[in-house]
$ cat upload.txt   # compact mmCIF, C-alpha atoms
# COMPACT_ATOMS: atom_id res chain seq x y z
CA ALA A 1 0.00 0.00 0.00
CA GLN A 2 1.18 3.47 -0.76
CA SER A 3 2.08 5.70 2.15
CA VAL A 4 3.46 9.11 2.96
CA THR A 5 5.92 9.92 5.72
CA GLN A 6 6.51 13.44 6.95
CA LEU A 7 9.65 13.73 9.02
CA GLY A 8 9.21 16.07 11.92
CA SER A 9 5.79 16.71 13.40
CA HIS A 10 6.93 20.17 14.50
CA VAL A 11 9.31 22.54 12.75
CA SER A 12 10.24 25.93 14.15
CA VAL A 13 12.05 28.63 12.18
CA SER A 14 12.84 32.29 12.57
CA GLU A 15 11.13 34.84 10.37
CA GLY A 16 13.22 35.23 7.21
CA ALA A 17 14.85 31.81 7.54
CA LEU A 18 14.62 28.92 5.12
CA VAL A 19 11.65 26.61 5.51
CA LEU A 20 12.20 22.91 4.77
CA LEU A 21 9.41 20.41 5.36
CA ARG A 22 10.22 16.82 4.49
CA CYS A 23 8.00 14.30 2.74
CA ASN A 24 8.83 10.79 1.55
CA TYR A 25 6.44 8.51 -0.27
CA SER A 26 6.33 4.83 -1.01
CA SER A 27 5.11 3.91 -4.44
CA SER A 28 5.94 1.40 -7.13
CA VAL A 29 5.25 3.97 -9.83
CA PRO A 30 5.76 7.73 -9.80
CA PRO A 31 2.62 9.05 -8.17
CA TYR A 32 0.91 12.37 -8.21
CA LEU A 33 1.96 14.31 -5.11
CA PHE A 34 0.50 17.30 -3.33
CA TRP A 35 1.22 19.71 -0.52
CA TYR A 36 -1.72 21.19 1.35
CA VAL A 37 -1.72 23.85 4.08
CA GLN A 38 -4.21 24.08 6.93
CA TYR A 39 -4.45 27.32 8.86
CA PRO A 40 -5.99 27.14 12.35
CA ASN A 41 -9.67 26.21 12.28
CA GLN A 42 -9.76 26.21 8.50
CA GLY A 43 -9.95 23.69 5.69
CA LEU A 44 -7.07 22.49 3.55
CA GLN A 45 -5.72 24.68 0.78
CA LEU A 46 -3.71 23.29 -2.10
CA LEU A 47 -0.18 24.72 -2.13
CA LEU A 48 1.23 22.85 -5.12
CA LYS A 49 1.11 19.57 -7.00
CA TYR A 50 3.51 17.28 -8.88
CA THR A 51 2.14 15.68 -12.02
CA SER A 52 5.36 14.53 -13.73
CA ALA A 53 5.53 17.60 -15.97
CA ALA A 54 8.49 19.09 -14.10
CA THR A 55 10.44 17.93 -11.07
CA LEU A 56 10.60 21.40 -9.51
CA VAL A 57 7.13 22.64 -8.78
CA LYS A 58 6.26 26.17 -7.77
CA GLY A 59 3.20 26.86 -5.70
CA ILE A 60 1.43 29.69 -4.00
CA ASN A 61 2.86 31.97 -1.30
CA GLY A 62 6.44 31.45 -2.48
CA PHE A 63 6.58 27.72 -1.74
CA GLU A 64 8.13 25.17 -4.03
CA ALA A 65 8.83 21.45 -3.92
CA GLU A 66 11.21 19.17 -5.76
CA PHE A 67 10.33 15.65 -6.79
CA LYS A 68 13.30 13.28 -6.46
CA LYS A 69 12.49 9.82 -7.70
CA SER A 70 15.80 8.33 -6.52
CA GLU A 71 15.07 9.47 -2.98
CA THR A 72 11.26 9.02 -3.20
CA SER A 73 11.00 12.49 -1.75
CA PHE A 74 8.92 15.59 -2.33
CA HIS A 75 10.24 18.14 0.18
CA LEU A 76 8.61 21.54 0.51
CA THR A 77 10.75 24.67 0.75
CA LYS A 78 10.43 28.40 1.03
CA PRO A 79 13.51 30.67 0.98
CA SER A 80 12.27 33.12 3.59
CA ALA A 81 9.64 32.35 6.20
CA HIS A 82 6.94 34.83 7.05
CA MET A 83 4.90 34.93 10.22
CA SER A 84 1.79 34.18 8.18
CA ASP A 85 3.28 30.82 7.11
CA ALA A 86 2.61 29.37 10.55
CA ALA A 87 0.22 26.49 9.91
CA GLU A 88 -0.09 22.73 9.54
CA TYR A 89 1.32 21.31 6.30
CA PHE A 90 0.25 18.02 4.79
CA CYS A 91 1.93 16.02 2.07
CA ALA A 92 -0.40 13.71 0.13
CA VAL A 93 -0.20 11.13 -2.64
CA ASN A 94 -2.81 10.02 -5.14
CA PRO A 95 -2.18 6.27 -5.19
CA PHE A 96 -4.31 5.44 -8.25
CA SER A 97 -5.94 2.68 -6.20
CA GLY A 98 -8.65 1.08 -8.32
CA GLY A 99 -8.23 3.96 -10.70
CA TYR A 100 -10.11 6.37 -8.48
CA ASN A 101 -8.70 9.50 -6.88
CA LYS A 102 -8.00 8.96 -3.22
CA LEU A 103 -5.58 11.15 -1.34
CA ILE A 104 -3.35 9.42 1.19
CA PHE A 105 -2.06 11.99 3.66
CA GLY A 106 1.02 12.17 5.80
CA ALA A 107 0.65 12.90 9.49
CA GLY A 108 1.30 16.60 8.99
CA THR A 109 4.02 19.02 10.09
CA ARG A 110 3.22 22.00 12.23
CA LEU A 111 5.32 24.98 11.21
CA ALA A 112 5.96 27.66 13.80
CA VAL A 113 7.56 30.96 12.78
CA HIS A 114 9.02 33.15 15.49
CA PRO A 115 10.25 36.75 15.26
CA ASP B 1 -18.87 32.48 -3.77
CA THR B 2 -17.50 29.75 -1.48
CA ALA B 3 -16.30 26.80 -3.54
CA VAL B 4 -16.97 23.99 -1.06
CA SER B 5 -19.19 24.76 1.90
CA GLN B 6 -20.26 22.68 4.87
CA THR B 7 -22.91 23.06 7.52
CA PRO B 8 -22.78 23.18 10.40
CA LYS B 9 -19.29 24.36 11.29
CA TYR B 10 -19.61 23.08 14.84
CA LEU B 11 -21.77 20.24 16.13
CA VAL B 12 -21.96 19.25 19.78
CA THR B 13 -24.20 16.34 20.67
CA GLN B 14 -24.75 13.51 23.12
CA MET B 15 -23.76 9.89 22.65
CA GLY B 16 -26.44 7.86 20.93
CA ASN B 17 -27.88 10.74 18.93
CA ASP B 18 -28.18 10.86 15.15
CA LYS B 19 -26.77 13.82 13.26
CA SER B 20 -26.15 14.99 9.70
CA ILE B 21 -23.54 17.16 8.05
CA LYS B 22 -24.21 18.81 4.71
CA CYS B 23 -21.80 19.71 1.94
CA GLU B 24 -22.24 21.67 -1.25
CA GLN B 25 -19.81 22.56 -4.01
CA ASN B 26 -20.28 25.17 -6.72
CA LEU B 27 -17.21 24.24 -8.75
CA GLY B 28 -19.10 22.09 -11.21
CA HIS B 29 -17.11 19.05 -10.12
CA ASP B 30 -18.33 15.50 -10.66
CA THR B 31 -16.72 13.90 -7.61
CA MET B 32 -17.09 14.55 -3.89
CA TYR B 33 -15.46 13.07 -0.81
CA TRP B 34 -15.70 12.83 2.96
CA TYR B 35 -12.54 12.79 5.06
CA LYS B 36 -12.15 12.43 8.81
CA GLN B 37 -9.43 14.29 10.71
CA ASP B 38 -8.80 12.91 14.17
CA SER B 39 -7.49 14.67 17.25
CA LYS B 40 -3.90 14.12 16.09
CA LYS B 41 -4.68 15.87 12.80
CA PHE B 42 -4.48 12.62 10.82
CA LEU B 43 -6.68 12.74 7.69
CA LYS B 44 -8.30 9.66 6.24
CA ILE B 45 -10.75 9.24 3.39
CA MET B 46 -14.14 7.77 4.24
CA PHE B 47 -16.25 7.93 1.08
CA SER B 48 -16.26 9.18 -2.47
CA TYR B 49 -19.17 9.79 -4.81
CA ASN B 50 -19.05 10.41 -8.52
CA ASN B 51 -22.16 11.98 -10.00
CA LYS B 52 -24.33 10.57 -7.20
CA GLU B 53 -22.78 7.10 -7.34
CA LEU B 54 -20.70 5.69 -4.47
CA ILE B 55 -17.24 4.76 -5.78
CA ILE B 56 -15.08 4.60 -2.67
CA ASN B 57 -16.20 3.18 0.66
CA GLU B 58 -13.34 2.76 3.09
CA THR B 59 -13.65 0.67 6.24
CA VAL B 60 -16.17 2.85 7.99
CA PRO B 61 -18.81 1.70 10.51
CA ASN B 62 -22.28 1.18 9.06
CA ARG B 63 -23.48 3.95 11.34
CA PHE B 64 -22.05 6.35 8.76
CA SER B 65 -24.21 6.73 5.67
CA PRO B 66 -23.42 9.20 2.92
CA LYS B 67 -26.06 10.44 0.53
CA SER B 68 -25.69 12.42 -2.65
CA PRO B 69 -28.95 13.91 -3.96
CA ASP B 70 -27.11 15.45 -6.91
CA LYS B 71 -23.51 15.88 -7.95
CA ALA B 72 -23.21 19.23 -6.19
CA HIS B 73 -24.26 17.91 -2.78
CA LEU B 74 -22.94 15.21 -0.49
CA ASN B 75 -24.34 14.70 2.98
CA LEU B 76 -23.11 12.52 5.81
CA HIS B 77 -25.53 11.01 8.29
CA ILE B 78 -24.24 9.41 11.45
CA ASN B 79 -26.41 7.15 13.59
CA SER B 80 -25.92 6.28 17.25
CA LEU B 81 -23.00 8.64 17.76
CA GLU B 82 -20.08 7.40 19.85
CA LEU B 83 -17.32 9.25 21.68
CA GLY B 84 -14.81 8.06 19.10
CA ASP B 85 -16.71 9.85 16.35
CA SER B 86 -15.49 13.17 17.70
CA ALA B 87 -13.36 14.64 14.94
CA VAL B 88 -13.32 17.23 12.20
CA TYR B 89 -15.08 16.04 9.05
CA PHE B 90 -14.02 17.55 5.76
CA CYS B 91 -15.88 17.49 2.51
CA ALA B 92 -13.89 17.81 -0.71
CA SER B 93 -14.47 17.75 -4.44
CA SER B 94 -12.49 17.07 -7.58
CA GLN B 95 -13.20 17.62 -11.23
CA ALA B 96 -13.25 13.93 -12.10
CA PRO B 97 -13.13 10.60 -10.26
CA THR B 98 -9.83 9.53 -11.76
CA PHE B 99 -6.53 11.18 -12.54
CA GLY B 100 -5.83 11.88 -16.17
CA LEU B 101 -9.38 12.75 -17.11
CA ALA B 102 -8.86 16.18 -15.64
CA GLY B 103 -5.68 17.02 -13.84
CA ALA B 104 -3.91 15.04 -11.16
CA GLY B 105 -6.93 14.47 -9.00
CA GLU B 106 -6.35 17.45 -6.79
CA GLN B 107 -9.14 17.94 -4.34
CA PHE B 108 -10.66 21.12 -3.00
CA PHE B 109 -11.68 21.08 0.63
CA GLY B 110 -14.45 22.65 2.61
CA PRO B 111 -13.86 24.43 5.94
CA GLY B 112 -14.68 21.35 8.00
CA THR B 113 -17.28 20.44 10.60
CA ARG B 114 -16.02 19.92 14.12
CA LEU B 115 -18.12 17.19 15.73
CA THR B 116 -17.93 16.78 19.49
CA VAL B 117 -19.72 13.83 21.06
CA LEU B 118 -20.25 14.11 24.82

$ encode --input "upload.txt" --output "structure tokens"
Amino acid sequence: AQSVTQLGSHVSVSEGALVLLRCNYSSSVPPYLFWYVQYPNQGLQLLLKYTSAATLVKGINGFEAEFKKSETSFHLTKPSAHMSDAAEYFCAVNPFSGGYNKLIFGAGTRLAVHP
Amino acid sequence: DTAVSQTPKYLVTQMGNDKSIKCEQNLGHDTMYWYKQDSKKFLKIMFSYNNKELIINETVPNRFSPKSPDKAHLNLHINSLELGDSAVYFCASSQAPTFGLAGAGEQFFGPGTRLTVL
């Protein structure tokens, strides 16, 4: 079964510092991968998606992620953290199970940004 | 002009009661989903409907019964509520039921319904 592992349930950075949130997936074929963000008491918002068109994917709010097949990774980065980036981040894979869309989520990483 | 909306936002009820959560999407999507987010923030799919037809039914107690009157609406009815049902329930939609037909299967989520069973 396909799965997603997010290393680090909590990440804390200073404002202006690099943000790196790690995601590894298990899949026998290159999957479709997503990063979602959840602000407190809100739903999930799509940050970016990997669909095999390009290994470096740019998303909203200055975030980007790089798909590395050899490492089965899809880490999320942002060069300079902003206070408003504080939220829960979820990596997800579409496992193509039975041909139907079904997102499998990682456990999430809470990002804290301090002044 | 909310894309995916859910009602109610908060639901507090006693054990043993029956309750419903409603979801509506105005994106013109064919496929809708219910996800459960537990107290540790873990998200897991429960059901998926495509144009009113059930296509995904994960291992969910029979007390949970989804209903889709049309492709823009997906409701979730829960019978005999238990303490363990306390969670945030998210509705989502996607353009098509499978990847490739339209995009990578990205899903658009509603704001969630926080269910508390006392």

$ interface_residues --input "upload.txt" --of "chain A" --to "chain B" --cutoff "6 Å" --atoms "only C-alpha atoms" --output "list in words"
Gln42, Gly43, Leu44, Gly99, Tyr100, Asn101 and Ala107 of chain A

$ residues_around --input "upload.txt" --residues "Gly62 of chain A" --least-positions-apart "2" --cutoff "9 Å" --atoms "all atoms listed in the file" --output "list in words"
Lys58, Gly59, Ile60, Glu64, Thr77, Lys78, Pro79 and Ser80 of chain A

$ residues_near_point --input "upload.txt" --point "(-17.8, 22.5, -9.0)" --cutoff "8 Å" --atoms "all atoms listed in the file" --output "number ranges by chain"
B: 3, 25-30, 72, 93-95

$ atom_distance --input "upload.txt" --atom1 "atom CA of Gly16 of chain B" --atom2 "atom CA of Ala87 of chain B"
15.9 Å

$ atom_distance --input "upload.txt" --atom1 "atom CA of Pro66 of chain B" --atom2 "atom CA of Val117 of chain B"
19.1 Å
